[in-house]
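I have placed the structure first, in the form of structure tokens, so that the comments after it can refer back to it.
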Amino acid sequence: MKTILVSINLFFTTICIAQNIVQISEFEVLEGDWKGELMYINYSDNREVTLRSTLQVEIKKDKLIGRIGYTDEPSANGKLVVKLKENGSFINDQEIITKSKQDDGSLKIITKYDGKDNDKPATIFITYVFNKAHFTMTKEVVFENTTERFIRNRYTYSKL
């Protein structure tokens, strides 16, 4: 009986862990051109700022490459590279803590990592929600020795 319970427990643990694994193929719906905006909280005065933004996504082998453009601040344009690690349990150095399908068919992935925000130690959560028409990426921050979680920035895009 004990062996059966251990086997059942191991089975469900494996299923729960496997649910937080992603494959590069799940990101294929992001390939193409996107238009939207970046909302961020300014470090100097804590005011909310919104910038128009574009995103071009392509997948090359095991990487997702994004070129981010800022319509009103082209000098800030940049490149984003996403690489899956640890057999798909990490996005770059961010541990995947939740992966779920939403009612509208979107995939929702939440990652977590320790880093810095505004030069202060923090735990950072990134939430990715996407389908073939919409994509959001939200960064939330919890400073060390606090429990308050706040949104630092959010990219919101629609496919062109």
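Just remember, in the structure tokens the first chain shown is A, the second B, etc., residues are 1-based per chain, and ligands are 1-based in the order shown.
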Counting only C-alpha atoms, what is within 12 Å of Ile97 (chain A), bar same-chain residues fewer than 2 positions away, as JSON, numbers by chain? {"A": [16, 17, 18, 19, 20, 21, 22, 88, 89, 90, 91, 94, 95, 99, 100, 108, 109, 110, 111, 112, 113, 124, 125, 126, 127, 128]}
Which of chain A fall in strand (DSSP E), as a PyMOL selection string: chain A and resi 32-41+48-60+63-70+78-85+90-91+94-101+107-117+120-130+134-143+149-159
Near Ala122 (chain A), counting only C-alpha atoms, which residues have an atom at most 12 Å away, once you skip same-chain residues fewer than 6 positions from it, shown as a list in words?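 So, after excluding close chain neighbours, the residues are Lys112, Tyr113, Asp114, Gly115, Lys116, Lys139, Glu140, Val141, Val142, Phe143, Glu144, Asn145, Thr146, Thr147, Glu148, Arg149, Phe150 and Arg152 of chain A.
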Ranking A:Trp34, A:Gly69, A:Asn153, A:Ile24 by minimum distance to Val49 (chain A) and counting only C-alpha atoms, which one comes first? A:Asn153
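DSSP, applied to the backbone of this structure, assigns helix (DSSP H, G or I) to the following residues of region 5-134 of chain A: Leu5, Val6, Ser7, Ile8, Asn9, Leu10, Phe11, Phe12, Thr13, Thr14, Ile15, Cys16, Ile17, Ala18, Gln19, Ile24, Ser25, Glu26, Phe27, Glu28, Val29, Leu30, Pro74, Ser75, Ala76, Glu86, Asn87 and Gly88 of chain A.
Non-sequential neighbours of Asp62 (chain A) (distance at most 8 Å, separation of 2 or more positions within a chain, only C-alpha atoms) are Ile24, Ile59, Lys60, Leu64, Lys83 and Leu84 of chain A.
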Hey, can you spit out that residue selection with N, CA and C atoms as an mmCIF file, in the first residue's frame?
data_model
loop_
_atom_site.group_PDB
_atom_site.id
_atom_site.type_symbol
_atom_site.label_atom_id
_atom_site.label_comp_id
_atom_site.auth_asym_id
_atom_site.auth_seq_id
_atom_site.Cartn_x
_atom_site.Cartn_y
_atom_site.Cartn_z
ATOM 1 N N ILE A 24 9.854 25.717 -27.226
ATOM 2 C CA ILE A 24 9.948 26.862 -28.137
ATOM 3 C C ILE A 24 8.769 26.886 -29.107
ATOM 4 N N ILE A 59 11.697 33.270 -34.610
ATOM 5 C CA ILE A 59 12.274 32.160 -33.865
ATOM 6 C C ILE A 59 13.375 31.555 -34.714
ATOM 7 N N LYS A 60 14.540 31.432 -34.109
ATOM 8 C CA LYS A 60 15.690 30.810 -34.757
ATOM 9 C C LYS A 60 16.179 29.687 -33.867
ATOM 10 N N LEU A 64 13.987 32.783 -29.250
ATOM 11 C CA LEU A 64 13.029 33.759 -29.745
ATOM 12 C C LEU A 64 13.753 35.096 -29.743
ATOM 13 N N LYS A 83 15.783 32.560 -24.499
ATOM 14 C CA LYS A 83 16.300 31.204 -24.669
ATOM 15 C C LYS A 83 15.770 30.342 -23.530
ATOM 16 N N LEU A 84 15.237 29.191 -23.897
ATOM 17 C CA LEU A 84 14.758 28.261 -22.886
ATOM 18 C C LEU A 84 15.948 27.499 -22.320
#
Sorted by chain and rising residue number, which residues of region 45-145 of chain A lie within 9 Å of region 154-158 of chain A, and what are their closest atom pairs and distances in Å to one decimal, counting only C-alpha atoms, as a Markdown table?
| residue | atom | partner | partner_atom | distance |
| --- | --- | --- | --- | --- |
| A:Ser53 | CA | A:Tyr157 | CA | 8.2 |
| A:Thr54 | CA | A:Tyr157 | CA | 7.8 |
| A:Leu55 | CA | A:Tyr157 | CA | 7.9 |
| A:Lys132 | CA | A:Ser158 | CA | 8.9 |
| A:Ala133 | CA | A:Ser158 | CA | 5.7 |
| A:His134 | CA | A:Ser158 | CA | 4.6 |
| A:Phe135 | CA | A:Tyr157 | CA | 5.1 |
| A:Thr136 | CA | A:Thr156 | CA | 4.5 |
| A:Met137 | CA | A:Tyr155 | CA | 5.1 |
| A:Thr138 | CA | A:Arg154 | CA | 4.3 |
| A:Lys139 | CA | A:Arg154 | CA | 6.3 |
| A:Glu140 | CA | A:Arg154 | CA | 8.9 |
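Of the residues under consideration (A:Gly66, A:Pro74, A:Gly105, A:Pro121), A:Pro74 shows the shortest atom-to-atom contact distance to Leu51 (chain A) when counting only C-alpha atoms.
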Between CA of Tyr70 (chain A) and CA of Arg52 (chain A), distance in Å (one decimal):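 Pair CA of Tyr70 (chain A) / CA of Arg52 (chain A) returns 5.9 Å.
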For the atom pair CA of Val82 (chain A) and CA of Lys61 (chain A), what is the interatomic distance in Å to one decimal place?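 Interatomic distance here is 11.3 Å.
Minimum atom-to-atom distances from A:Lys85, A:Tyr43, A:Glu73, A:Gln102 to Asp119 (chain A) were compared using only C-alpha atoms, and the lowest value belongs to A:Tyr43.
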Would you work out the distance separating CA of Ser75 (chain A) from CA of Asn46 (chain A), expressed in Å to one decimal? 22.4 Å
Just want the 8 Å neighbourhood of Ile65 (chain A), counted on only C-alpha atoms, with same-chain residues fewer than 6 positions away dropped. Output as number ranges by chain. A: 57-59, 79-82
Pick the closest to Asp117 (chain A) from A:Asp104, A:Asn42, A:Asn131, A:Ala76: which is it, counting only C-alpha atoms? A:Asn42
